[in-house]
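Raw contents of start_34.csv, CSV, C-alpha atoms and all ligand atoms:
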chain,number,residue,atom,x,y,z
D,23,MET,CA,135.2,55.6,144.1
D,24,THR,CA,134.6,58.8,142.4
D,25,GLU,CA,131.4,60.4,141.2
D,26,ILE,CA,131.3,62.9,138.4
D,27,ALA,CA,129.3,65.9,139.5
D,28,LEU,CA,127.9,67.9,136.5
D,29,PRO,CA,124.8,70.1,135.8
D,30,ALA,CA,121.3,69.5,137.1
D,31,PRO,CA,119.1,66.7,135.8
D,32,ALA,CA,116.2,67.2,133.3
D,33,ALA,CA,112.8,67.5,135.0
D,34,SER,CA,110.3,65.8,132.7
D,35,VAL,CA,109.4,62.1,133.0
D,36,MET,CA,111.6,59.5,131.3
D,37,SER,CA,113.6,62.1,129.4
D,38,ASP,CA,117.4,62.5,129.0
D,39,PRO,CA,118.9,62.4,132.5
D,40,GLY,CA,121.7,64.8,131.5
D,41,SER,CA,125.3,64.3,132.0
D,42,PRO,CA,125.2,63.5,135.7
D,43,GLY,CA,122.9,60.6,134.7
D,44,ARG,CA,120.7,61.4,137.7
D,45,PHE,CA,117.1,60.2,138.2
D,46,GLY,CA,116.2,62.2,141.3
D,47,ASP,CA,118.4,60.8,144.1
D,48,HIS,CA,119.4,57.8,142.0
D,49,GLY,CA,121.8,56.9,139.2
D,50,GLY,CA,125.1,58.6,138.8
D,51,ARG,CA,128.5,57.2,137.9
D,52,TYR,CA,130.2,55.6,140.9
D,53,VAL,CA,133.1,53.9,139.2
D,54,PRO,CA,136.9,53.7,139.8
D,55,GLU,CA,138.8,56.6,138.4
D,56,SER,CA,140.2,54.3,135.7
D,57,LEU,CA,136.7,53.7,134.2
D,58,ILE,CA,135.5,57.3,134.1
D,59,PRO,CA,137.0,58.0,130.6
D,60,ALA,CA,135.5,54.8,129.3
D,61,CYS,CA,132.0,55.6,130.6
D,62,ALA,CA,132.3,59.2,129.2
D,63,ALA,CA,133.3,57.8,125.8
D,64,VAL,CA,130.3,55.5,125.7
D,65,GLU,CA,128.1,58.5,126.6
D,66,GLU,CA,129.5,60.7,124.0
D,67,ALA,CA,129.3,58.0,121.3
D,68,PHE,CA,125.7,57.2,122.2
D,69,ARG,CA,124.6,60.8,122.2
D,70,ASP,CA,126.1,61.2,118.8
D,71,ALA,CA,124.7,58.0,117.4
D,72,TRP,CA,121.2,58.5,118.8
D,73,ALA,CA,121.0,61.9,117.1
D,74,ASP,CA,122.2,60.4,113.8
D,75,PRO,CA,119.4,59.3,111.5
D,76,ARG,CA,121.7,56.9,109.8
D,77,PHE,CA,122.5,55.0,113.0
D,78,ARG,CA,118.8,54.9,113.8
D,79,ARG,CA,118.0,53.5,110.3
D,80,ASP,CA,120.7,50.9,110.5
D,81,LEU,CA,119.5,49.8,113.9
D,82,ASP,CA,115.8,49.7,112.8
D,83,ARG,CA,116.8,47.6,109.8
D,84,LEU,CA,118.7,45.1,112.0
D,85,LEU,CA,115.8,44.9,114.4
D,86,ALA,CA,113.5,44.2,111.5
D,87,VAL,CA,115.5,41.7,109.4
D,88,HIS,CA,117.4,39.9,112.2
D,89,ALA,CA,115.3,40.3,115.4
D,90,GLY,CA,111.9,40.0,113.8
D,91,ARG,CA,110.5,43.4,114.8
D,92,PRO,CA,107.9,44.8,115.1
D,93,THR,CA,106.7,42.1,117.6
D,94,ALA,CA,102.9,41.4,117.6
D,95,LEU,CA,100.4,42.9,120.0
D,96,THR,CA,98.1,40.0,120.8
D,97,PRO,CA,94.7,40.4,122.4
D,98,ALA,CA,94.4,37.7,125.0
D,99,TRP,CA,90.8,36.8,124.1
D,100,ARG,CA,90.1,33.9,126.4
D,101,LEU,CA,92.0,35.1,129.4
D,102,SER,CA,90.2,38.5,129.1
D,103,ALA,CA,86.8,36.8,129.0
D,104,GLU,CA,87.7,34.8,132.2
D,105,LEU,CA,89.1,37.9,134.1
D,106,GLY,CA,86.6,40.5,132.9
D,107,VAL,CA,89.3,42.9,131.8
D,108,ASN,CA,90.8,43.5,128.4
D,109,VAL,CA,94.3,42.1,128.3
D,110,LEU,CA,96.7,42.9,125.5
D,111,LEU,CA,100.1,41.2,125.3
D,112,LYS,CA,103.2,42.8,123.8
D,113,ARG,CA,105.0,39.8,122.4
D,114,GLU,CA,108.7,40.2,123.1
D,115,ASP,CA,108.7,36.4,123.4
D,116,LEU,CA,108.6,36.4,119.6
D,117,ALA,CA,111.8,38.4,119.2
D,118,HIS,CA,114.9,36.5,118.1
D,119,THR,CA,116.7,34.6,120.9
D,120,GLY,CA,113.4,34.5,122.8
D,121,SER,CA,113.2,37.8,124.7
D,122,HIS,CA,113.6,41.6,124.6
D,123,LYS,CA,117.3,41.4,125.4
D,124,ILE,CA,118.2,41.4,121.7
D,125,ASN,CA,116.8,45.0,121.3
D,126,ASN,CA,119.5,46.3,123.6
D,127,VAL,CA,122.4,44.2,122.4
D,128,LEU,CA,121.9,45.0,118.8
D,129,GLY,CA,122.0,48.7,119.7
D,130,GLN,CA,125.1,48.3,121.8
D,131,ALA,CA,126.9,46.1,119.3
D,132,LEU,CA,126.2,48.6,116.5
D,133,LEU,CA,127.5,51.4,118.8
D,134,ALA,CA,130.6,49.4,119.6
D,135,ARG,CA,131.4,49.0,115.9
D,136,ARG,CA,130.8,52.7,115.4
D,137,MET,CA,133.3,53.4,118.2
D,138,GLY,CA,135.9,51.2,116.5
D,139,LYS,CA,135.7,48.4,119.1
D,140,THR,CA,136.3,44.8,118.1
D,141,ARG,CA,135.1,43.0,121.2
D,142,LEU,CA,132.1,42.9,123.5
D,143,LEU,CA,132.3,42.1,127.2
D,144,ALA,CA,129.1,41.1,129.0
D,145,GLU,CA,127.9,39.7,132.3
D,146,THR,CA,125.2,37.1,132.4
D,147,GLY,CA,123.1,35.4,135.1
D,148,ALA,CA,120.8,32.8,133.6
D,149,GLY,CA,122.5,33.2,130.2
D,150,SER,CA,119.8,35.1,128.2
D,151,HIS,CA,121.8,38.3,128.0
D,152,GLY,CA,125.0,36.3,127.2
D,153,VAL,CA,123.3,34.4,124.4
D,154,ALA,CA,121.9,37.7,123.0
D,155,THR,CA,125.3,39.3,123.2
D,156,ALA,CA,127.0,36.3,121.5
D,157,THR,CA,124.3,36.5,118.8
D,158,ALA,CA,124.8,40.2,118.1
D,159,ALA,CA,128.6,39.8,118.1
D,160,ALA,CA,128.4,37.0,115.6
D,161,LEU,CA,126.1,39.0,113.4
D,162,LEU,CA,128.4,42.1,113.4
D,163,GLY,CA,131.7,40.2,113.3
D,164,LEU,CA,132.8,41.2,116.8
D,165,SER,CA,134.3,38.8,119.4
D,166,ALA,CA,132.4,38.3,122.6
D,167,THR,CA,133.6,37.4,126.2
D,168,VAL,CA,130.9,36.6,128.6
D,169,PHE,CA,131.4,36.5,132.4
D,170,MET,CA,129.2,34.0,134.3
D,171,GLY,CA,129.2,32.8,137.9
D,172,GLU,CA,130.3,29.2,138.3
D,173,VAL,CA,127.1,28.3,140.0
D,174,ASP,CA,125.1,29.8,137.1
D,175,MET,CA,127.2,28.0,134.5
D,176,GLU,CA,126.2,24.7,136.2
D,177,ARG,CA,122.5,25.6,136.4
D,178,GLN,CA,122.4,26.9,132.9
D,179,ALA,CA,124.7,24.5,131.0
D,180,LEU,CA,122.5,24.7,127.9
D,181,ASN,CA,123.0,28.4,127.6
D,182,VAL,CA,126.7,28.1,128.1
D,183,TYR,CA,126.8,25.7,125.2
D,184,ARG,CA,124.7,28.0,123.1
D,185,MET,CA,127.1,30.9,123.7
D,186,ARG,CA,130.0,28.8,122.7
D,187,MET,CA,128.2,27.6,119.6
D,188,LEU,CA,127.8,31.2,118.7
D,189,GLY,CA,131.6,31.8,119.0
D,190,ALA,CA,131.6,33.5,122.4
D,191,GLU,CA,134.2,32.8,125.1
D,192,VAL,CA,132.5,32.1,128.5
D,193,ILE,CA,134.6,32.8,131.5
D,194,PRO,CA,133.6,31.3,134.9
D,195,VAL,CA,133.6,33.7,137.8
D,196,THR,CA,134.7,31.9,141.0
D,197,GLY,CA,134.5,34.8,143.6
D,198,GLY,CA,131.7,35.6,146.0
D,199,THR,CA,128.5,33.8,145.6
D,200,ARG,CA,129.5,32.8,142.0
D,201,THR,CA,126.3,34.3,140.5
D,202,LEU,CA,125.2,37.4,138.6
D,203,LYS,CA,126.3,40.0,141.1
D,204,ASP,CA,129.9,38.7,141.0
D,205,ALA,CA,129.9,38.2,137.2
D,206,THR,CA,128.9,41.9,136.8
D,207,SER,CA,131.7,43.0,139.1
D,208,GLU,CA,134.2,40.9,137.3
D,209,ALA,CA,133.1,42.2,133.8
D,210,MET,CA,133.6,45.7,135.0
D,211,ARG,CA,137.0,44.9,136.4
D,212,GLN,CA,138.1,43.2,133.2
D,213,TRP,CA,136.8,46.2,131.1
D,214,VAL,CA,139.5,48.4,132.8
D,215,THR,CA,142.2,46.2,131.3
D,216,CYS,CA,140.9,46.3,127.7
D,217,VAL,CA,138.9,49.5,127.2
D,218,ASP,CA,140.8,50.3,124.0
D,219,GLU,CA,139.4,47.4,122.0
D,220,ALA,CA,136.4,46.4,124.1
D,221,HIS,CA,132.9,47.7,124.7
D,222,TYR,CA,131.1,46.6,127.9
D,223,CYS,CA,127.7,45.5,126.8
D,224,LEU,CA,125.6,45.8,130.0
D,225,GLY,CA,122.3,43.8,130.0
D,226,SER,CA,119.8,46.0,131.8
D,227,VAL,CA,118.9,49.6,132.9
D,228,MET,CA,121.6,49.6,135.6
D,229,GLY,CA,125.3,50.3,136.0
D,230,PRO,CA,127.1,53.7,135.7
D,231,HIS,CA,125.7,56.5,133.5
D,232,PRO,CA,125.0,56.3,130.5
D,233,TYR,CA,123.9,52.7,130.8
D,234,PRO,CA,120.5,53.1,132.5
D,235,TRP,CA,119.5,55.8,130.1
D,236,MET,CA,121.1,54.2,127.0
D,237,VAL,CA,119.6,50.7,127.6
D,238,ARG,CA,116.1,52.3,128.2
D,239,GLU,CA,116.5,54.1,124.9
D,240,PHE,CA,117.4,50.9,123.1
D,241,GLN,CA,114.4,49.2,124.7
D,242,ARG,CA,111.9,51.9,124.1
D,243,VAL,CA,111.1,50.3,120.8
D,244,ILE,CA,108.9,48.0,122.9
D,245,GLY,CA,106.8,50.9,124.2
D,246,ASP,CA,106.9,52.9,121.0
D,247,GLU,CA,105.6,50.0,119.0
D,248,ALA,CA,103.0,49.2,121.6
D,249,ARG,CA,101.8,52.8,121.7
D,250,ARG,CA,101.1,52.7,117.9
D,251,GLN,CA,99.5,49.2,118.1
D,252,CYS,CA,97.3,50.2,121.0
D,253,ALA,CA,96.2,53.3,119.1
D,254,ALA,CA,95.0,50.9,116.3
D,255,GLU,CA,93.5,48.3,118.7
D,256,LEU,CA,91.7,50.3,121.4
D,257,THR,CA,88.9,52.8,121.0
D,258,THR,CA,90.5,54.8,123.8
D,259,GLY,CA,93.9,54.6,122.1
D,260,ILE,CA,95.8,54.3,125.4
D,261,PRO,CA,95.5,51.4,127.9
D,262,ASP,CA,94.4,52.1,131.4
D,263,TYR,CA,97.3,50.0,132.8
D,264,VAL,CA,100.7,49.2,131.5
D,265,VAL,CA,102.3,46.2,133.3
D,266,ALA,CA,105.8,44.6,133.0
D,267,CYS,CA,108.1,42.5,135.2
D,268,VAL,CA,111.1,44.2,136.8
D,269,GLY,CA,114.5,42.5,137.3
D,270,GLY,CA,117.0,45.2,136.5
D,271,GLY,CA,114.1,46.8,134.8
D,272,SER,CA,114.9,47.0,131.1
D,273,ASN,CA,111.8,45.5,129.5
D,274,ALA,CA,109.6,47.6,131.9
D,275,ALA,CA,111.6,50.8,131.3
D,276,GLY,CA,111.3,50.3,127.5
D,277,THR,CA,107.6,49.7,127.8
D,278,PHE,CA,106.9,52.6,130.2
D,279,ALA,CA,108.9,55.0,128.0
D,280,GLY,CA,106.1,54.7,125.3
D,281,PHE,CA,103.4,55.7,127.8
D,282,ALA,CA,105.1,57.9,130.4
D,283,ASP,CA,103.4,61.0,128.9
D,284,THR,CA,99.9,59.5,129.0
D,285,GLY,CA,97.4,58.9,131.8
D,286,ALA,CA,98.1,55.1,131.8
D,287,GLN,CA,99.0,53.7,135.2
D,288,LEU,CA,102.4,52.1,135.1
D,289,ILE,CA,102.9,49.0,137.1
D,290,GLY,CA,106.2,47.2,137.6
D,291,VAL,CA,106.1,43.7,139.1
D,292,GLU,CA,109.1,42.6,141.2
D,293,ALA,CA,109.9,39.1,142.3
D,294,GLU,CA,109.2,38.8,146.0
D,295,GLY,CA,112.7,37.3,146.6
D,296,GLY,CA,114.5,40.2,144.9
D,297,ALA,CA,112.2,43.1,145.4
D,298,ALA,CA,114.6,46.0,145.6
D,299,ILE,CA,111.9,48.7,145.6
D,300,ALA,CA,109.5,46.9,148.0
D,301,PHE,CA,112.1,45.7,150.5
D,302,GLY,CA,115.4,47.5,149.7
D,303,GLN,CA,117.3,50.5,151.0
D,304,VAL,CA,119.3,53.0,149.0
D,305,GLY,CA,122.8,52.0,148.3
D,306,VAL,CA,125.5,51.9,145.7
D,307,LEU,CA,126.3,48.8,143.6
D,308,HIS,CA,127.9,48.3,140.2
D,309,GLY,CA,128.4,52.0,139.6
D,310,PHE,CA,124.9,53.4,140.4
D,311,ARG,CA,122.8,54.5,143.4
D,312,SER,CA,119.4,52.9,143.8
D,313,TYR,CA,117.3,50.6,146.0
D,314,LEU,CA,119.2,47.4,146.9
D,315,VAL,CA,118.1,44.4,148.9
D,316,GLN,CA,120.5,44.5,151.9
D,317,ASP,CA,120.9,42.6,155.1
D,318,GLU,CA,120.9,44.2,158.6
D,319,ASN,CA,124.6,45.2,158.2
D,320,GLY,CA,124.0,46.9,154.9
D,321,GLN,CA,125.6,44.0,152.9
D,322,VAL,CA,124.0,43.5,149.5
D,323,ALA,CA,121.8,40.4,149.9
D,324,GLU,CA,121.4,37.5,147.4
D,325,ALA,CA,118.2,37.6,145.5
D,326,HIS,CA,116.1,34.4,145.2
D,327,SER,CA,113.5,33.9,142.6
D,328,ILE,CA,112.2,31.0,140.6
D,329,ALA,CA,112.7,33.3,137.6
D,330,PRO,CA,116.5,33.5,136.9
D,331,GLY,CA,116.2,36.9,135.2
D,332,LEU,CA,114.7,38.5,138.3
D,333,ASP,CA,117.5,37.3,140.5
D,334,TYR,CA,119.2,40.6,140.9
D,335,PRO,CA,119.4,42.4,144.3
D,336,GLY,CA,119.2,45.9,142.8
D,337,VAL,CA,116.8,47.8,140.4
D,338,GLY,CA,117.5,50.4,137.8
D,339,PRO,CA,117.8,53.9,139.1
D,340,GLU,CA,115.0,55.3,136.9
D,341,HIS,CA,112.6,52.8,138.4
D,342,ALA,CA,113.6,54.0,141.9
D,343,HIS,CA,112.8,57.5,140.8
D,344,LEU,CA,109.5,56.6,139.1
D,345,ASN,CA,108.6,55.0,142.4
D,346,ASP,CA,109.7,58.0,144.5
D,347,THR,CA,107.7,60.4,142.4
D,348,GLY,CA,104.7,58.1,142.2
D,349,ARG,CA,104.6,58.0,138.4
D,350,ALA,CA,104.9,54.2,138.5
D,351,ARG,CA,103.8,51.8,141.1
D,352,TYR,CA,105.7,48.7,142.1
D,353,VAL,CA,104.2,45.5,143.4
D,354,THR,CA,105.5,42.0,144.2
D,355,VAL,CA,104.6,38.5,143.2
D,356,GLY,CA,106.0,35.4,144.9
D,357,ASP,CA,107.1,32.1,143.3
D,358,ALA,CA,103.9,30.4,144.4
D,359,GLU,CA,101.8,32.6,142.1
D,360,VAL,CA,104.1,32.3,139.1
D,361,ILE,CA,103.6,28.7,138.0
D,362,PRO,CA,99.8,28.9,138.0
D,363,ALA,CA,100.1,32.0,135.9
D,364,VAL,CA,102.3,30.2,133.4
D,365,ARG,CA,99.8,27.4,133.2
D,366,ARG,CA,96.8,29.8,132.8
D,367,LEU,CA,98.3,31.7,129.9
D,368,ALA,CA,99.4,28.5,128.3
D,369,ARG,CA,95.9,27.0,128.4
D,370,THR,CA,93.9,30.1,127.6
D,371,GLU,CA,96.1,31.6,124.9
D,372,GLY,CA,98.5,28.9,123.7
D,373,ILE,CA,101.5,31.0,124.9
D,374,LEU,CA,104.1,29.6,127.3
D,375,PRO,CA,105.6,32.7,128.9
D,376,ALA,CA,109.0,33.0,130.6
D,377,LEU,CA,108.8,32.7,134.4
D,378,GLU,CA,109.9,36.3,134.5
D,379,SER,CA,107.1,37.5,132.3
D,380,ALA,CA,104.6,35.3,134.3
D,381,HIS,CA,105.1,37.6,137.2
D,382,ALA,CA,103.4,40.4,135.3
D,383,ILE,CA,100.6,38.0,134.2
D,384,ALA,CA,100.2,36.8,137.9
D,385,TRP,CA,99.7,40.3,139.1
D,386,VAL,CA,97.0,41.0,136.4
D,387,ILE,CA,95.2,37.8,137.4
D,388,ARG,CA,95.4,38.8,141.1
D,389,ALA,CA,94.3,42.4,140.5
D,390,ALA,CA,91.4,41.4,138.2
D,391,GLU,CA,90.1,38.7,140.6
D,392,SER,CA,90.3,40.9,143.6
D,393,GLY,CA,88.4,43.7,141.9
D,394,GLU,CA,91.3,46.1,142.0
D,395,LEU,CA,91.1,46.4,138.2
D,396,PRO,CA,87.7,48.0,137.2
D,397,PRO,CA,85.6,45.7,134.9
D,398,TRP,CA,86.7,45.9,131.3
D,399,SER,CA,89.6,48.2,131.9
D,400,THR,CA,92.3,47.8,129.4
D,401,VAL,CA,95.7,46.2,130.4
D,402,LEU,CA,98.8,46.1,128.3
D,403,VAL,CA,101.2,43.5,129.6
D,404,THR,CA,104.7,43.1,128.2
D,405,LEU,CA,105.6,39.4,127.8
D,406,SER,CA,109.3,39.8,128.1
D,407,GLY,CA,110.2,36.3,126.9
D,408,ARG,CA,109.2,32.8,126.0
D,409,GLY,CA,109.1,29.9,128.5
D,410,ASP,CA,111.0,27.3,126.6
D,411,LYS,CA,114.1,28.0,128.7
D,412,ASP,CA,112.1,27.2,131.9
D,413,VAL,CA,110.6,23.8,130.9
D,414,ALA,CA,113.0,21.9,133.3
D,415,THR,CA,112.0,24.2,136.2
D,416,LEU,CA,108.3,23.7,135.4
D,417,MET,CA,108.8,19.9,135.2
D,418,ALA,CA,110.6,19.9,138.6
D,419,ALA,CA,107.8,22.0,140.1
D,420,SER,CA,104.8,19.8,138.9
D,501,LIG,C1,116.5,39.2,131.6
D,501,LIG,C2,115.0,39.0,131.6
D,501,LIG,C3,114.2,39.8,132.4
D,501,LIG,C4,114.6,40.7,133.4
D,501,LIG,O1,115.4,41.8,132.9
D,501,LIG,P1,114.8,43.3,132.8
D,501,LIG,O2,116.0,44.1,132.6
D,501,LIG,O3,114.1,43.6,134.1
D,501,LIG,O4,113.8,43.4,131.7
D,501,LIG,C5,112.8,39.6,132.2
D,501,LIG,N1,112.3,38.7,131.4
D,501,LIG,C6,113.1,37.9,130.6
D,501,LIG,C7,112.5,36.9,129.7
D,501,LIG,C8,114.5,38.0,130.7
D,501,LIG,O5,115.3,37.3,129.9
The structure in this file should be written as structure tokens.
Ligand SMILES: *Cc1c(COP(=O)(O)O)cnc(C)c1O
Amino acid sequence: MTEIALPAPAASVMSDPGSPGRFGDHGGRYVPESLIPACAAVEEAFRDAWADPRFRRDLDRLLAVHAGRPTALTPAWRLSAELGVNVLLKREDLAHTGSHKINNVLGQALLARRMGKTRLLAETGAGSHGVATATAAALLGLSATVFMGEVDMERQALNVYRMRMLGAEVIPVTGGTRTLKDATSEAMRQWVTCVDEAHYCLGSVMGPHPYPWMVREFQRVIGDEARRQCAAELTTGIPDYVVACVGGGSNAAGTFAGFADTGAQLIGVEAEGGAAIAFGQVGVLHGFRSYLVQDENGQVAEAHSIAPGLDYPGVGPEHAHLNDTGRARYVTVGDAEVIPAVRRLARTEGILPALESAHAIAWVIRAAESGELPPWSTVLVTLSGRGDKDVATLMAAS
């Protein structure tokens, strides 16, 4: 493993991490020698594209006409009345394919095409990122190969079928625990063999530089829209709290990016069974350094959460840094609090949230009811996705 050591990182909050891709002690580019040129090429292409108004216009247009952006900001009237705090929901559940994942994949697919690539590679756990990647590939005329653990393929058969309907090839990963961690390792291994024609479309703010930064920038549309919408909705303009669930951390990073320069308190909600910041130690996995859930021997542990999208043992390096510097606070919610939160939002607002998103709702309910949130404080919560995919889990749990 080799790390590229380059100039010092930028100092301001949630800015460009510079070429080392460092967020304080975290991040970096810990990949085999053979992948360093590929990562450097993605970085160079992204820097160039992100500074090009034409690329930004093309992406904005795709997000509008294909993904349904801007997504609504919904005041949760009845839940707010019950809790005595003012809850606003940023509705990524309304985005095409049912979650925020489409924001990132449309950006990366457009970048891949600009780089002259014809193929996307992706890892997927529950299948949401795989479905979003297959969708973006179909839209832009690229081929897609999705790596998925055998165990996950069985658990998420419907999403496997969806990806194949969209024209993607789904490749079962049979090594290790046959889940997301192994699918990610396999996708990175396969990328080495086909870097000339393939772009690795990573699904969250993790992996080697530039992915954590690039994915945050593709997801910052959530925070930027919410900032404008809050300015119109709230007399104070800025919410007191900004809350989002954290798996790898992309919906949270995109949301936080819109408010990092304000006085809003940023709260990331991890699943208790995969809480890398709460219970992890610093380590290196999948090309980056960050907090990882590990066993007593330093082996990366398996994450367990009722929410498949939060089943990752690591967390994006920028979140590790936001935690270390105190700019954001990270809390945990257990499975037992999640289903009541789904039910409560469904019955008060007519919105069935994804189990992942329900972690953020559950923390708001807990913090409001315990008095931690001052009466009538304003709370922006990102609803990362819709709960349709979780109906079978909800049925089994009731
Ligand atoms: C994938 C997913 C997540 C977790 O991913 P982040 O990168 O942490 O945002 C959260 N919610 C939903 C609905 C997802 O599909």
**Report entry** Within 6 Å of ligand LIG 501 (chain D), counting only C-alpha atoms and all ligand atoms, residues as a PyMOL selection string
**Finding:** chain D and resi 121+150+226+268-274+331-332+376+378-379+406-407
How would the residues just picked look written out with C-alpha atoms as a PDB file, in the coordinates of the input?
ATOM      1  CA  SER D 121     113.200  37.800 124.700  1.00  0.00           C
ATOM      2  CA  SER D 150     119.800  35.100 128.200  1.00  0.00           C
ATOM      3  CA  SER D 226     119.800  46.000 131.800  1.00  0.00           C
ATOM      4  CA  VAL D 268     111.100  44.200 136.800  1.00  0.00           C
ATOM      5  CA  GLY D 269     114.500  42.500 137.300  1.00  0.00           C
ATOM      6  CA  GLY D 270     117.000  45.200 136.500  1.00  0.00           C
ATOM      7  CA  GLY D 271     114.100  46.800 134.800  1.00  0.00           C
ATOM      8  CA  SER D 272     114.900  47.000 131.100  1.00  0.00           C
ATOM      9  CA  ASN D 273     111.800  45.500 129.500  1.00  0.00           C
ATOM     10  CA  ALA D 274     109.600  47.600 131.900  1.00  0.00           C
ATOM     11  CA  GLY D 331     116.200  36.900 135.200  1.00  0.00           C
ATOM     12  CA  LEU D 332     114.700  38.500 138.300  1.00  0.00           C
ATOM     13  CA  ALA D 376     109.000  33.000 130.600  1.00  0.00           C
ATOM     14  CA  GLU D 378     109.900  36.300 134.500  1.00  0.00           C
ATOM     15  CA  SER D 379     107.100  37.500 132.300  1.00  0.00           C
ATOM     16  CA  SER D 406     109.300  39.800 128.100  1.00  0.00           C
ATOM     17  CA  GLY D 407     110.200  36.300 126.900  1.00  0.00           C
TER      18      GLY D 407
END
Report task. Grab the CA of Thr347 in chain D to CA of Gly46 in chain D distance for me, in Å with one decimal place. Result -> 8.8 Å
Please report as a Markdown table every residue of range 127-179 of chain D lying within 8 Å of range 187-202 of chain D, along with the nearest atom pair and their distance in Å (one decimal), using all atoms listed in the file.
| residue | atom | partner | partner_atom | distance |
| --- | --- | --- | --- | --- |
| D:Glu145 | CA | D:Leu202 | CA | 7.2 |
| D:Thr146 | CA | D:Leu202 | CA | 6.2 |
| D:Gly147 | CA | D:Leu202 | CA | 4.5 |
| D:Val153 | CA | D:Leu188 | CA | 7.9 |
| D:Ala156 | CA | D:Ala190 | CA | 5.5 |
| D:Thr157 | CA | D:Leu188 | CA | 6.4 |
| D:Ala160 | CA | D:Leu188 | CA | 6.6 |
| D:Ser165 | CA | D:Ala190 | CA | 6.7 |
| D:Ala166 | CA | D:Ala190 | CA | 4.9 |
| D:Thr167 | CA | D:Glu191 | CA | 4.8 |
| D:Val168 | CA | D:Val192 | CA | 4.8 |
| D:Phe169 | CA | D:Ile193 | CA | 5.0 |
| D:Met170 | CA | D:Pro194 | CA | 5.2 |
| D:Gly171 | CA | D:Arg200 | CA | 4.1 |
| D:Glu172 | CA | D:Pro194 | CA | 5.2 |
| D:Val173 | CA | D:Arg200 | CA | 5.5 |
| D:Asp174 | CA | D:Thr201 | CA | 5.8 |
| D:Met175 | CA | D:Pro194 | CA | 7.2 |
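Distances to Ser207 in chain D were evaluated for D:Leu143, D:Leu377, D:Ala67, D:Leu133 using only C-alpha atoms, and the minimum falls at D:Leu143.
Here CA of Phe301 in chain D stands at a distance of 18.0 Å from CA of Lys203 in chain D.
Across the structure, CA of Ser327 in chain D and CA of Gly296 in chain D are spaced 6.8 Å apart.
Applying the 8 Å criterion to (118.3, 38.5, 143.4) in file coordinates and using all atoms listed in the file, one obtains the residues Gly295, Gly296, Ala297, Ala323, Glu324, Ala325, His326, Ser327, Leu332, Asp333, Tyr334, Pro335 and Gly336 of chain D.
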Report task. Have a look at D:Ala279, D:Pro330, D:Glu394, D:Ala358 and name the one nearest to Ser420 in chain D; count only C-alpha atoms. Result -> D:Ala358
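Those residues that approach range 73-88 of chain D to within 8 Å, counting only C-alpha atoms, are His118, Asn125, Leu128, Gly129 and Leu132 of chain D; same-chain residues fewer than 6 positions away are not listed.
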At a cut-off of 9 Å, using only C-alpha atoms, what residues contact Arg242 in chain D? Leave out same-chain residues fewer than 3 positions from it and give the result as a short mmCIF file (atom, residue, chain, number, x, y, z; two decimals) with C-alpha atoms, in the coordinates of the input.
data_model
loop_
_atom_site.label_atom_id
_atom_site.label_comp_id
_atom_site.auth_asym_id
_atom_site.auth_seq_id
_atom_site.Cartn_x
_atom_site.Cartn_y
_atom_site.Cartn_z
CA ASN D 125 116.80 45.00 121.30
CA VAL D 237 119.60 50.70 127.60
CA ARG D 238 116.10 52.30 128.20
CA GLU D 239 116.50 54.10 124.90
CA GLY D 245 106.80 50.90 124.20
CA ASP D 246 106.90 52.90 121.00
CA GLU D 247 105.60 50.00 119.00
CA ASN D 273 111.80 45.50 129.50
CA ALA D 275 111.60 50.80 131.30
CA GLY D 276 111.30 50.30 127.50
CA THR D 277 107.60 49.70 127.80
CA PHE D 278 106.90 52.60 130.20
CA ALA D 279 108.90 55.00 128.00
CA GLY D 280 106.10 54.70 125.30
#
**Report entry** Residue nearest Ala144 in chain D among D:Arg211, D:Lys112, D:His122, D:Arg91 (counting all atoms listed in the file)
**Finding:** D:Arg211
**Report entry** Non-local contacts of range 49-55 of chain D (12 Å; all atoms listed in the file; under 6 positions in same chain excluded) as a ChimeraX atom specification
**Finding:** /D:23-31,39-43,61-62,65,207,210-211,213-214,227-235,304-313,336-343
Requested in this report: Go through D:Thr119, D:Ser56, D:Gln241, D:Thr354 one by one, measure the shortest atom-to-atom distance of each to Met185 in chain D using only C-alpha atoms, and give the residue with the smallest value.
Outcome: D:Thr119
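Of the listed residues (D:Val243, D:Ile260, D:Leu116, D:Ile328), D:Leu116 comes nearest to Arg408 in chain D; the distances count all atoms listed in the file.
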Query raised in the report: What lies within 10 Å of Arg113 in chain D using all atoms listed in the file, ignoring chain neighbours under 5 positions off, as an MDAnalysis selection string?
Result: chainID D and resid 92:96 120:122 244 248 373 375 403:408
Let me know the centre plus edge lengths, in Å and rounded to one decimal, of a box with edges along x, y and z that contains all listed atoms of range 332-345 of chain D and is padded by 5 Å on every side, as lines of an AutoDock Vina configuration file.
center_x = 114.0
center_y = 47.4
center_z = 140.6
size_x = 20.8
size_y = 30.2
size_z = 17.4
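Distance annotation: of D:Ala350, D:Leu111, D:Met36, D:Val413, the residue with the minimal separation from Gly285 in chain D is D:Ala350; atom set is all atoms listed in the file.
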Query - Val355 in chain D surroundings by all atoms listed in the file, 8 Å radius, close-in-sequence under 6 positions cut, as a PyMOL selection string - result: chain D and resi 291-294+381+384-385
